[in-house]
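Colleague: Structure file entry_16.csv (CSV, C-alpha atoms and all ligand atoms) right here:
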```
chain,number,residue,atom,x,y,z
G,11,MET,CA,-30.4,8.1,16.1
G,12,ASN,CA,-31.7,4.6,15.3
G,13,GLN,CA,-31.0,4.0,11.7
G,14,PRO,CA,-30.5,0.3,11.0
G,15,CYS,CA,-27.1,-0.8,9.9
G,16,PHE,CA,-25.5,-3.9,8.4
G,17,VAL,CA,-21.9,-4.8,9.5
G,18,THR,CA,-19.5,-7.4,8.1
G,19,GLY,CA,-16.6,-8.4,10.4
G,20,GLY,CA,-18.7,-7.5,13.5
G,21,SER,CA,-17.1,-10.3,15.6
G,22,GLY,CA,-13.6,-9.1,14.8
G,23,PHE,CA,-11.6,-6.6,16.9
G,24,ILE,CA,-12.6,-3.3,15.3
G,25,GLY,CA,-16.1,-4.8,14.6
G,26,GLN,CA,-16.8,-5.5,18.3
G,27,HIS,CA,-16.0,-1.9,19.2
G,28,LEU,CA,-18.0,-0.5,16.3
G,29,LEU,CA,-21.0,-2.7,17.3
G,30,ALA,CA,-20.7,-1.5,20.9
G,31,LEU,CA,-20.7,2.1,19.8
G,32,LEU,CA,-23.5,1.8,17.2
G,33,THR,CA,-25.8,0.0,19.6
G,34,SER,CA,-25.0,2.3,22.5
G,35,LYS,CA,-26.4,5.1,20.2
G,36,GLY,CA,-29.5,3.1,19.6
G,37,HIS,CA,-28.8,1.7,16.1
G,38,SER,CA,-30.1,-1.8,15.4
G,39,VAL,CA,-27.4,-3.8,13.6
G,40,SER,CA,-27.6,-6.9,11.5
G,41,VAL,CA,-24.2,-8.7,11.6
G,42,LEU,CA,-22.9,-11.0,8.8
G,43,MET,CA,-21.8,-14.1,10.6
G,44,ARG,CA,-20.3,-17.4,9.4
G,45,ARG,CA,-21.3,-18.9,12.7
G,46,PRO,CA,-24.7,-17.3,13.5
G,47,HIS,CA,-25.1,-19.7,16.5
G,48,SER,CA,-22.4,-17.6,18.2
G,49,LEU,CA,-24.7,-14.6,18.4
G,50,PRO,CA,-25.4,-15.0,22.2
G,51,ALA,CA,-21.6,-14.9,22.9
G,52,LEU,CA,-21.3,-11.8,20.7
G,53,ARG,CA,-24.2,-10.1,22.4
G,54,GLU,CA,-22.5,-10.7,25.8
G,55,GLN,CA,-19.2,-9.4,24.6
G,56,ILE,CA,-20.9,-6.2,23.1
G,57,GLU,CA,-22.6,-5.6,26.5
G,58,GLN,CA,-19.2,-5.9,28.2
G,59,LEU,CA,-17.8,-3.3,25.8
G,60,GLY,CA,-20.7,-0.9,26.7
G,61,GLY,CA,-23.1,-1.7,23.9
G,62,ARG,CA,-26.6,-3.2,23.8
G,63,GLY,CA,-26.7,-6.9,22.8
G,64,ASP,CA,-30.5,-6.8,22.3
G,65,LEU,CA,-30.1,-4.6,19.2
G,66,LEU,CA,-28.0,-7.1,17.4
G,67,THR,CA,-29.3,-9.8,15.0
G,68,ALA,CA,-27.2,-12.4,13.1
G,69,VAL,CA,-27.4,-12.8,9.3
G,70,ALA,CA,-25.9,-16.1,8.2
G,71,GLY,CA,-23.4,-15.6,5.4
G,72,ASP,CA,-19.8,-15.8,4.2
G,73,LEU,CA,-17.8,-13.3,2.2
G,74,GLY,CA,-16.2,-16.2,0.3
G,75,LEU,CA,-19.5,-17.5,-1.1
G,76,PRO,CA,-21.4,-16.4,-4.2
G,77,GLY,CA,-24.0,-13.9,-3.2
G,78,LEU,CA,-22.3,-13.7,0.2
G,79,GLY,CA,-24.2,-16.9,1.0
G,80,LEU,CA,-27.3,-14.8,1.8
G,81,ASP,CA,-30.7,-16.4,1.3
G,82,ALA,CA,-33.9,-14.4,0.6
G,83,THR,CA,-34.7,-13.9,4.3
G,84,ALA,CA,-31.2,-12.6,5.0
G,85,ARG,CA,-31.4,-10.2,2.1
G,86,GLU,CA,-34.7,-8.9,3.4
G,87,GLN,CA,-33.2,-8.5,6.9
G,88,VAL,CA,-30.4,-6.2,5.6
G,89,ARG,CA,-32.5,-4.4,2.9
G,90,HIS,CA,-33.2,-1.3,5.0
G,91,ALA,CA,-29.7,-0.6,6.2
G,92,ALA,CA,-28.9,3.1,6.1
G,93,VAL,CA,-25.2,2.2,6.2
G,94,VAL,CA,-23.3,-1.0,5.3
G,95,PHE,CA,-20.0,-1.1,7.2
G,96,HIS,CA,-17.6,-3.5,5.6
G,97,LEU,CA,-14.9,-4.7,8.0
G,98,GLY,CA,-14.8,-8.4,7.3
G,99,VAL,CA,-11.4,-9.7,6.2
G,100,GLN,CA,-9.3,-12.8,6.2
G,101,PHE,CA,-6.2,-11.6,8.0
G,102,ALA,CA,-3.1,-13.7,8.3
G,103,TRP,CA,0.5,-13.4,7.1
G,104,GLY,CA,1.3,-16.1,4.5
G,105,LEU,CA,-2.2,-16.4,3.0
G,106,SER,CA,-2.4,-17.8,-0.5
G,107,GLN,CA,-3.3,-15.3,-3.2
G,108,ALA,CA,-6.4,-17.3,-4.1
G,109,GLN,CA,-7.7,-17.3,-0.5
G,110,ALA,CA,-7.0,-13.7,0.1
G,111,ARG,CA,-8.6,-12.7,-3.2
G,112,GLN,CA,-11.8,-14.7,-2.8
G,113,VAL,CA,-12.7,-13.2,0.6
G,114,ASN,CA,-10.9,-9.8,0.7
G,115,VAL,CA,-11.4,-8.7,-2.9
G,116,GLU,CA,-14.4,-10.6,-4.4
G,117,GLY,CA,-16.2,-10.5,-1.0
G,118,ALA,CA,-15.7,-6.8,-0.8
G,119,ILE,CA,-17.0,-6.2,-4.3
G,120,GLN,CA,-20.1,-8.3,-3.5
G,121,VAL,CA,-20.7,-6.2,-0.3
G,122,ALA,CA,-20.3,-3.0,-2.4
G,123,GLU,CA,-22.8,-4.2,-5.0
G,124,LEU,CA,-25.3,-5.2,-2.3
G,125,ALA,CA,-25.0,-1.8,-0.7
G,126,ALA,CA,-25.4,0.0,-4.1
G,127,GLN,CA,-28.5,-2.2,-5.1
G,128,GLN,CA,-30.4,-1.4,-1.9
G,129,GLY,CA,-29.4,2.3,-1.7
G,130,SER,CA,-27.3,2.0,1.5
G,131,ARG,CA,-24.2,4.1,2.1
G,132,LEU,CA,-21.1,1.9,2.1
G,133,LEU,CA,-18.4,2.6,4.7
G,134,MET,CA,-15.4,0.5,3.8
G,135,VAL,CA,-12.4,0.0,6.0
G,136,GLY,CA,-9.1,0.0,4.1
G,137,GLY,CA,-5.7,0.7,5.7
G,138,PHE,CA,-3.3,3.6,6.2
G,139,MET,CA,-0.9,2.2,3.5
G,140,LEU,CA,-3.5,3.5,1.0
G,141,ALA,CA,-2.6,7.0,2.0
G,142,ASN,CA,1.1,6.5,1.3
G,143,HIS,CA,1.3,7.1,-2.4
G,144,GLY,CA,5.1,6.9,-2.6
G,145,HIS,CA,4.9,3.4,-1.2
G,146,LEU,CA,2.0,2.4,-3.5
G,147,GLN,CA,4.0,3.5,-6.5
G,148,ARG,CA,7.2,1.7,-5.3
G,149,ILE,CA,5.3,-1.6,-5.0
G,150,GLY,CA,3.8,-1.2,-8.4
G,151,VAL,CA,0.3,0.3,-8.0
G,152,ASN,CA,-0.6,2.4,-11.1
G,153,LEU,CA,-2.2,5.3,-9.3
G,154,GLN,CA,-3.5,7.0,-12.5
G,155,HIS,CA,-5.0,3.8,-13.9
G,156,PRO,CA,-5.3,1.3,-11.0
G,157,GLU,CA,-7.0,-1.2,-13.3
G,158,GLN,CA,-3.7,-1.5,-15.2
G,159,THR,CA,-1.8,-2.6,-12.0
G,160,ASP,CA,-0.1,-6.0,-12.3
G,161,TRP,CA,-1.8,-7.4,-9.2
G,162,ASP,CA,-0.1,-10.8,-9.4
G,163,ARG,CA,3.3,-9.2,-9.3
G,164,LEU,CA,2.2,-6.9,-6.5
G,165,TYR,CA,0.9,-9.9,-4.4
G,166,ARG,CA,4.3,-11.6,-4.8
G,167,ARG,CA,6.1,-8.4,-3.7
G,168,SER,CA,3.9,-7.4,-0.8
G,169,GLY,CA,2.2,-10.6,0.3
G,170,ALA,CA,-1.3,-11.7,-0.2
G,171,TYR,CA,-2.9,-9.9,2.7
G,172,GLU,CA,-1.7,-6.4,1.8
G,173,GLY,CA,-2.1,-7.1,-2.0
G,174,SER,CA,-5.7,-8.1,-1.5
G,175,LYS,CA,-6.5,-5.1,0.7
G,176,LEU,CA,-5.0,-2.7,-2.0
G,177,GLU,CA,-6.8,-4.5,-4.8
G,178,ALA,CA,-10.1,-4.5,-2.9
G,179,HIS,CA,-9.8,-0.7,-2.3
G,180,PHE,CA,-9.2,0.2,-5.9
G,181,ARG,CA,-11.8,-2.2,-7.3
G,182,VAL,CA,-14.5,-1.3,-4.9
G,183,ARG,CA,-13.9,2.4,-5.5
G,184,ALA,CA,-14.2,1.9,-9.2
G,185,ARG,CA,-17.3,-0.3,-8.9
G,186,MET,CA,-19.1,2.2,-6.6
G,187,ALA,CA,-18.2,5.0,-9.0
G,188,GLU,CA,-19.6,3.0,-11.9
G,189,LEU,CA,-22.8,2.4,-10.0
G,190,GLN,CA,-22.9,6.0,-8.8
G,191,ALA,CA,-23.4,4.8,-5.3
G,192,PRO,CA,-22.3,6.6,-2.1
G,193,LEU,CA,-19.0,5.4,-0.6
G,194,THR,CA,-16.9,6.6,2.4
G,195,LEU,CA,-13.5,5.1,3.1
G,196,VAL,CA,-11.8,4.9,6.5
G,197,HIS,CA,-8.1,4.0,6.5
G,198,PRO,CA,-6.9,3.0,10.0
G,199,ALA,CA,-3.3,2.9,11.2
G,200,THR,CA,-2.3,-0.2,13.1
G,201,VAL,CA,-5.0,-0.5,15.8
G,202,CYS,CA,-4.1,-0.2,19.5
G,203,GLY,CA,-6.3,-1.4,22.3
G,204,HIS,CA,-9.1,0.6,23.9
G,205,SER,CA,-7.7,3.8,25.3
G,206,ARG,CA,-8.9,3.2,28.8
G,207,SER,CA,-9.5,-0.6,29.3
G,208,GLY,CA,-6.8,-1.6,26.9
G,209,HIS,CA,-9.1,-4.3,25.4
G,210,ILE,CA,-7.5,-6.0,22.3
G,211,LEU,CA,-7.7,-9.4,20.7
G,212,PRO,CA,-4.6,-11.6,20.8
G,213,ALA,CA,-4.3,-12.1,17.0
G,214,GLN,CA,-4.0,-8.3,16.4
G,215,PRO,CA,-0.6,-7.3,15.0
G,216,LEU,CA,0.1,-4.9,17.9
G,217,ALA,CA,-0.8,-7.6,20.5
G,218,GLU,CA,1.8,-9.9,18.8
G,219,LEU,CA,4.4,-7.2,18.9
G,220,ILE,CA,3.8,-6.6,22.7
G,221,ASP,CA,3.9,-10.4,23.3
G,222,ASN,CA,7.3,-10.6,21.5
G,223,LEU,CA,8.6,-7.7,23.7
G,224,ALA,CA,7.2,-9.3,26.9
G,225,GLU,CA,8.8,-12.6,26.1
G,226,GLY,CA,12.2,-11.1,25.3
G,227,ARG,CA,12.1,-12.1,21.7
G,228,LEU,CA,12.7,-8.5,20.3
G,229,GLY,CA,16.5,-8.2,20.3
G,230,ALA,CA,16.6,-5.1,18.1
G,231,ILE,CA,14.4,-2.2,16.9
G,232,PRO,CA,13.5,-2.7,13.3
G,233,GLY,CA,14.5,0.4,11.2
G,234,SER,CA,16.1,3.6,12.3
G,235,ALA,CA,15.2,6.4,14.8
G,236,ALA,CA,13.0,7.9,12.1
G,237,HIS,CA,10.8,4.7,11.8
G,238,TRP,CA,7.4,4.5,13.4
G,239,LEU,CA,4.4,2.3,13.5
G,240,PRO,CA,1.4,4.7,13.3
G,241,LEU,CA,-1.4,3.8,15.7
G,242,VAL,CA,-5.0,4.6,16.4
G,243,SER,CA,-6.9,3.4,19.5
G,244,VAL,CA,-9.8,1.1,18.7
G,245,ASP,CA,-12.4,3.2,20.5
G,246,PHE,CA,-11.4,6.4,18.7
G,247,LEU,CA,-11.4,4.6,15.4
G,248,ALA,CA,-15.0,3.5,16.0
G,249,GLU,CA,-16.0,7.1,16.8
G,250,LEU,CA,-14.4,8.3,13.6
G,251,MET,CA,-16.2,5.6,11.6
G,252,LEU,CA,-19.6,6.5,13.2
G,253,ALA,CA,-19.1,10.2,12.6
G,254,ALA,CA,-18.1,9.6,8.9
G,255,ALA,CA,-20.8,7.1,8.2
G,256,PHE,CA,-23.7,9.4,8.9
G,257,ASP,CA,-22.2,12.7,7.7
G,258,GLU,CA,-23.4,13.7,4.2
G,259,GLN,CA,-20.2,15.7,3.7
G,260,GLN,CA,-18.1,12.5,4.0
G,261,VAL,CA,-19.7,10.8,0.9
G,262,GLY,CA,-16.8,10.2,-1.5
G,263,GLN,CA,-14.2,11.1,1.1
G,264,GLU,CA,-11.3,9.0,2.5
G,265,ILE,CA,-10.5,9.4,6.2
G,266,LEU,CA,-7.1,8.6,7.6
G,267,ALA,CA,-7.6,7.2,11.1
G,268,LEU,CA,-4.1,7.8,12.4
G,269,ASP,CA,-2.8,9.4,15.6
G,270,ALA,CA,0.0,11.8,14.5
G,271,ALA,CA,1.2,11.9,18.1
G,272,THR,CA,2.3,8.2,18.0
G,273,PRO,CA,5.9,8.0,19.2
G,274,ASN,CA,8.7,6.6,17.0
G,275,LEU,CA,9.2,2.9,17.2
G,276,GLN,CA,12.0,3.2,19.7
G,277,GLY,CA,9.9,5.5,22.0
G,278,MET,CA,6.9,3.2,21.7
G,279,LEU,CA,8.9,0.1,22.6
G,280,GLN,CA,10.4,2.0,25.6
G,281,GLN,CA,7.0,3.0,26.9
G,282,LEU,CA,5.7,-0.6,26.5
G,283,ALA,CA,8.8,-2.1,28.1
G,284,ARG,CA,8.4,0.2,31.1
G,285,THR,CA,4.8,-1.0,31.5
G,286,LEU,CA,5.8,-4.6,31.1
G,287,SER,CA,8.8,-4.3,33.4
G,288,VAL,CA,11.1,-5.7,30.7
G,289,GLN,CA,14.2,-4.4,29.0
G,290,ALA,CA,13.6,-2.4,25.8
G,291,PRO,CA,15.9,-3.2,22.8
G,292,SER,CA,18.3,-0.3,22.1
G,293,ARG,CA,20.1,-1.4,18.9
G,294,HIS,CA,18.6,-0.7,15.5
G,295,LEU,CA,18.4,-3.3,12.7
G,296,PRO,CA,18.0,-1.8,9.2
G,297,ILE,CA,14.8,-2.8,7.5
G,298,PRO,CA,16.6,-4.0,4.3
G,299,LEU,CA,18.8,-6.2,6.3
G,300,LEU,CA,15.9,-7.6,8.3
G,301,ARG,CA,14.1,-8.3,5.0
G,302,VAL,CA,17.1,-10.3,3.7
G,303,LEU,CA,17.3,-12.2,6.9
G,304,LEU,CA,13.6,-13.1,6.8
G,305,LYS,CA,14.1,-14.7,3.4
G,306,ILE,CA,16.2,-17.4,5.1
G,307,PRO,CA,13.9,-20.5,5.8
G,308,GLY,CA,13.1,-20.8,9.5
G,309,VAL,CA,14.2,-17.2,10.4
G,310,PRO,CA,10.7,-15.7,10.4
G,311,ARG,CA,9.8,-18.4,13.0
G,312,LEU,CA,13.0,-17.8,15.0
G,313,LEU,CA,12.5,-14.0,15.0
G,314,HIS,CA,8.7,-14.3,15.4
G,315,THR,CA,8.4,-11.8,12.6
G,316,ASP,CA,7.1,-12.0,9.1
G,317,ALA,CA,8.5,-10.0,6.2
G,318,GLU,CA,4.9,-9.0,5.3
G,319,SER,CA,4.6,-7.0,8.5
G,320,LEU,CA,7.7,-4.8,7.7
G,321,ASP,CA,5.9,-2.6,5.2
G,322,PHE,CA,3.9,-1.2,8.1
G,323,ILE,CA,7.0,0.2,9.8
G,324,GLN,CA,8.0,3.3,7.9
G,325,THR,CA,9.4,6.9,8.0
G,326,THR,CA,6.6,8.6,6.1
G,327,ARG,CA,4.6,11.3,7.9
G,328,PHE,CA,0.9,11.7,6.8
G,329,ASP,CA,-1.4,14.6,6.1
G,330,THR,CA,-4.2,14.2,8.6
G,331,ALA,CA,-5.9,17.6,7.9
G,332,ALA,CA,-9.1,16.0,6.6
G,333,THR,CA,-9.3,13.8,9.7
G,334,GLN,CA,-8.8,16.8,12.0
G,335,ALA,CA,-11.6,18.7,10.3
G,336,LEU,CA,-13.9,15.7,10.9
G,337,VAL,CA,-12.8,15.5,14.5
G,338,GLN,CA,-13.6,19.2,15.0
G,339,ARG,CA,-16.9,19.1,13.2
G,340,HIS,CA,-18.1,16.3,15.4
G,341,GLN,CA,-16.4,17.6,18.6
G,342,LEU,CA,-14.5,14.3,19.1
G,343,HIS,CA,-11.4,14.2,21.3
G,344,TRP,CA,-8.3,12.2,20.5
G,345,PRO,CA,-7.4,10.0,23.5
G,346,ASP,CA,-3.8,10.0,24.7
G,347,ILE,CA,-2.1,7.4,22.5
G,348,GLY,CA,0.7,6.8,25.1
G,349,GLN,CA,-1.9,6.0,27.7
G,350,ALA,CA,-3.7,3.7,25.3
G,351,LEU,CA,-0.5,1.8,24.6
G,352,GLN,CA,0.1,1.4,28.3
G,353,ALA,CA,-3.5,0.2,28.9
G,354,THR,CA,-3.1,-2.3,26.0
G,355,ALA,CA,0.1,-3.7,27.5
G,356,ARG,CA,-1.5,-4.0,31.0
G,357,TYR,CA,-4.6,-5.6,29.5
G,358,LEU,CA,-2.5,-8.3,27.8
G,359,VAL,CA,-0.5,-9.0,31.0
G,360,ASN,CA,-3.6,-9.2,33.2
G,361,GLU,CA,-5.8,-11.3,30.8
G,362,PRO,CA,-4.1,-14.6,30.5
G,363,SER,CA,-6.9,-15.7,28.0
G,364,ALA,CA,-5.9,-12.8,25.8
G,365,VAL,CA,-2.3,-14.0,25.5
G,366,GLN,CA,-3.3,-17.6,25.0
G,367,GLY,CA,-5.8,-16.7,22.3
G,401,LIG,N1,-6.4,-4.3,13.1
G,401,LIG,C1,-5.6,-3.5,12.5
G,401,LIG,O1,-4.5,-3.1,13.0
G,401,LIG,C2,-6.1,-2.9,11.2
G,401,LIG,C3,-5.3,-1.9,10.6
G,401,LIG,C4,-5.7,-1.3,9.4
G,401,LIG,C5,-6.8,-1.8,8.8
G,401,LIG,N2,-7.6,-2.9,9.3
G,401,LIG,C6,-8.7,-3.4,8.6
G,401,LIG,O2,-9.9,-3.3,9.5
G,401,LIG,C7,-10.8,-4.3,9.2
G,401,LIG,C8,-11.2,-5.1,10.4
G,401,LIG,O3,-10.0,-5.6,11.0
G,401,LIG,P1,-9.9,-6.4,12.4
G,401,LIG,O4,-8.5,-6.2,12.9
G,401,LIG,O5,-11.1,-6.0,13.2
G,401,LIG,O6,-10.1,-7.9,11.8
G,401,LIG,P2,-10.2,-9.2,12.7
G,401,LIG,O7,-10.2,-9.0,14.1
G,401,LIG,O8,-9.2,-10.2,12.1
G,401,LIG,O9,-11.7,-9.7,12.3
G,401,LIG,C9,-12.0,-10.2,11.0
G,401,LIG,C10,-13.5,-10.3,10.9
G,401,LIG,O10,-13.8,-10.7,9.5
G,401,LIG,C11,-14.6,-11.9,9.6
G,401,LIG,N3,-14.4,-12.8,8.5
G,401,LIG,C12,-13.3,-13.4,8.1
G,401,LIG,N4,-13.5,-14.2,7.1
G,401,LIG,C13,-14.8,-14.1,6.8
G,401,LIG,C14,-15.6,-14.6,5.8
G,401,LIG,N5,-15.1,-15.5,4.9
G,401,LIG,N6,-16.9,-14.3,5.7
G,401,LIG,C15,-17.4,-13.4,6.7
G,401,LIG,N7,-16.7,-12.9,7.6
G,401,LIG,C16,-15.4,-13.2,7.7
G,401,LIG,C17,-14.3,-12.5,11.0
G,401,LIG,O11,-15.4,-13.3,11.4
G,401,LIG,P3,-15.3,-14.8,12.1
G,401,LIG,O12,-15.7,-14.5,13.5
G,401,LIG,O13,-16.2,-15.6,11.3
G,401,LIG,O14,-13.9,-15.2,12.0
G,401,LIG,C18,-14.1,-11.3,11.8
G,401,LIG,O15,-15.4,-10.8,12.2
G,401,LIG,C19,-10.2,-5.1,8.1
G,401,LIG,O16,-10.6,-4.6,6.8
G,401,LIG,C20,-8.7,-4.8,8.2
G,401,LIG,O17,-8.0,-5.0,7.0
G,401,LIG,C21,-7.2,-3.4,10.5
```
Produce structure tokens that represent the structure in this file.
Ligand SMILES: NC(=O)c1ccc[n+]([C@@H]2O[C@H](COP(=O)([O-])OP(=O)(O)OC[C@H]3O[C@@H](n4cnc5c(N)ncnc54)[C@H](OP(=O)(O)O)[C@@H]3O)[C@@H](O)[C@H]2O)c1
Modeller:
Amino acid sequence: MNQPCFVTGGSGFIGQHLLALLTSKGHSVSVLMRRPHSLPALREQIEQLGGRGDLLTAVAGDLGLPGLGLDATAREQVRHAAVVFHLGVQFAWGLSQAQARQVNVEGAIQVAELAAQQGSRLLMVGGFMLANHGHLQRIGVNLQHPEQTDWDRLYRRSGAYEGSKLEAHFRVRARMAELQAPLTLVHPATVCGHSRSGHILPAQPLAELIDNLAEGRLGAIPGSAAHWLPLVSVDFLAELMLAAAFDEQQVGQEILALDAATPNLQGMLQQLARTLSVQAPSRHLPIPLLRVLLKIPGVPRLLHTDAESLDFIQTTRFDTAATQALVQRHQLHWPDIGQALQATARYLVNEPSAVQG
């Protein structure tokens, strides 16, 4: 397999593991980069993760610019991509609506249009919240007519990051349908480190949670015994993306990348605490109470928690039948999520640079 690919967000956490897997299988990959001079460092990192740095080339561009900031040479460079993987995102809690929309929504639509124009398959990464229809309805998404959703209201309710991810999903899906262009969607749960090495980047939500636990800043377990934070390990997520991207049967499909064996939040914190040799919290703090507390100025900083992150902790169980079918068809094997969690905690403790950022 050596079909050329174009990847946005290749320098990010999931992107790095996807680049390592794609190049290890012989695919040449053009990577959209805001800082193309960082290509040598990215190549080195991809080699360390088991990929081939020599198969990577940088394409200068920016999701926030008109035409993605691509010049004619860059467009020519990506023109033959069999698959465009869209992972680039501006991720932070507390983003402004305008910032989030420009990069995460308008940028995604431009990537989709580029893929459609040049006849590439688009594999876009969404998020597992998109598979929780009850939640989507509660926060105001009109599932029958997404274009009638009051997005401004939804951004105010859910925060700009989640709002922009949801809006991007529905608008890209509609645009690709209009252009009759092939689209596959992969919706990851919260991403855990590599199942064996534990590799993770410090800005990842799970790394921040582990850091809070390690530093004794997690006095209580958010939610009840029924609450969980569904996870997927980054290496398995990359495998699912690769399998889905080149499988004709997955055109028009949505894949939920979520390990149903993830323990509840209490069990997960206990496992992590054991690995970190710290005390796990045992009391529960109801989510609605936590949400009220986090509205008090200064409290999010004090608790090292942001209200925007609470929606990801939930009681819903998901239907992963379509994912299991893909896993079986491609003979993939779910790694043990408990071991992946422990490896992630060990990685963060042993890599001082990872915790410092
Ligand atoms: N991590 C999770 O737990 C999780 C869970 C569900 C879904 N997802 C989704 O998975 C995808 C990848 O997530 P991630 O965690 O790997 O993200 P990440 O580590 O935060 O990486 C973000 C990537 O986007 C790039 N980027 C940001 N702004 C850009 C811009 N204006 N133009 C071009 N590139 C830009 C960054 O490049 P620079 O090097 O230039 O900064 C980086 O490569 C996203 O769609 C995210 O929403 C992630």
Colleague: Which polymer residues have any atom within 12 Å of an atom of Ala92 in chain G, counting only C-alpha atoms, with same-chain residues fewer than 5 positions away left out, as a VMD selection string?
Modeller: chain G and resid 11 to 17 37 to 40 125 to 126 128 to 133 192 255 to 257
Colleague: Place a sphere of radius 10 Å on (-15.4, 1.7, -2.8) in the file coordinates and name every protein, DNA or RNA residue with an atom inside or on its surface, counting all atoms listed in the file; give the answer as a PyMOL selection string.
Modeller: chain G and resi 118-119+121-123+132-136+178-187+191-195+262+264
Colleague: Please extract the residues at most 6 Å from ligand LIG 401 (chain G), counting only C-alpha atoms and all ligand atoms, and provide them as a list of chain:residue names, using the chain letters and residue numbers of this document.
Modeller: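 What falls inside 6 Å of ligand LIG 401 (chain G) is G:Gly19, G:Gly20, G:Ser21, G:Gly22, G:Phe23, G:Ile24, G:Gly25, G:Met43, G:Arg44, G:Asp72, G:Leu73, G:Gly74, G:Leu97, G:Gly98, G:Val99, G:Gln100, G:Phe101, G:Val113, G:Val135, G:Gly136, G:Gly137, G:Pro198, G:Ala199, G:Thr200, G:Val201, G:Gln214.
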Colleague: So, with all atoms listed in the file as the atoms that count, which of G:Thr18, G:Gln259, G:Gln26, G:Thr325 lies closest to Arg53 in chain G?
Modeller: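 Using all atoms listed in the file, Arg53 in chain G sits closest to G:Gln26.
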Colleague: Tell me, in Å to one decimal, how far CA of Leu31 in chain G is from CA of Val94 in chain G.
Modeller: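 Result for CA of Leu31 in chain G versus CA of Val94 in chain G: 15.1 Å, one decimal.
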Colleague: Under the rule of at most 9 Å, produce a per-residue listing of range 249-345 of chain G near range 217-220 of chain G: chain, number, name, the closest pair of atoms, and the distance in Å, as CSV, using all atoms listed in the file.
Modeller:
```
residue,atom,partner,partner_atom,distance
G:Leu279,CA,G:Ile220,CA,8.4
G:Leu282,CA,G:Ile220,CA,7.4
G:Ala283,CA,G:Ile220,CA,8.6
G:Leu286,CA,G:Ile220,CA,8.9
G:His314,CA,G:Glu218,CA,8.9
G:Thr315,CA,G:Leu219,CA,8.8
```
Colleague: Tell me which protein, DNA and RNA residues are within 9 Å of Ala271 in chain G, counting all atoms listed in the file, leaving out same-chain ones fewer than 6 positions away, and put them as a list in words.
Modeller: Pro240, Leu241, Asp346, Ile347 and Gly348 of chain G
Colleague: Work out how far apart CA of Val242 in chain G and CA of Arg327 in chain G are and give it in Å to one decimal.
Modeller: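 One can read the CA of Val242 in chain G to CA of Arg327 in chain G distance as 14.5 Å.
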Colleague: Any idea what the distance is between CA of Leu247 in chain G and CA of Ile265 in chain G?
Modeller: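 Here the two named atoms are 10.4 Å from each other.
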Colleague: Would you please work out which residue, of G:Leu223, G:Leu29, G:Ala110, G:Ala68, is nearest to Val244 in chain G when using all atoms listed in the file?
Modeller: G:Leu29
Colleague: Pick out the closest residue to Val93 in chain G from this set: G:Leu66, G:Leu252, G:Leu336, G:Met278. Count only C-alpha atoms.
Modeller: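 Checking each candidate against Val93 in chain G, we get G:Leu252 as the closest.
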Colleague: Point out the residue among G:Met139, G:Gly208, G:Asp316, G:Arg284 with the least atom-to-atom distance to Ala267 in chain G, counting only C-alpha atoms.
Modeller: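 Using only C-alpha atoms, Ala267 in chain G sits closest to G:Met139.
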Colleague: Smallest atom-to-atom distance to Pro156 in chain G: which of G:Ala170, G:Ser292, G:Gln120, G:Glu177, using only C-alpha atoms?
Modeller: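 So, comparing all the options, the nearest one is G:Glu177.
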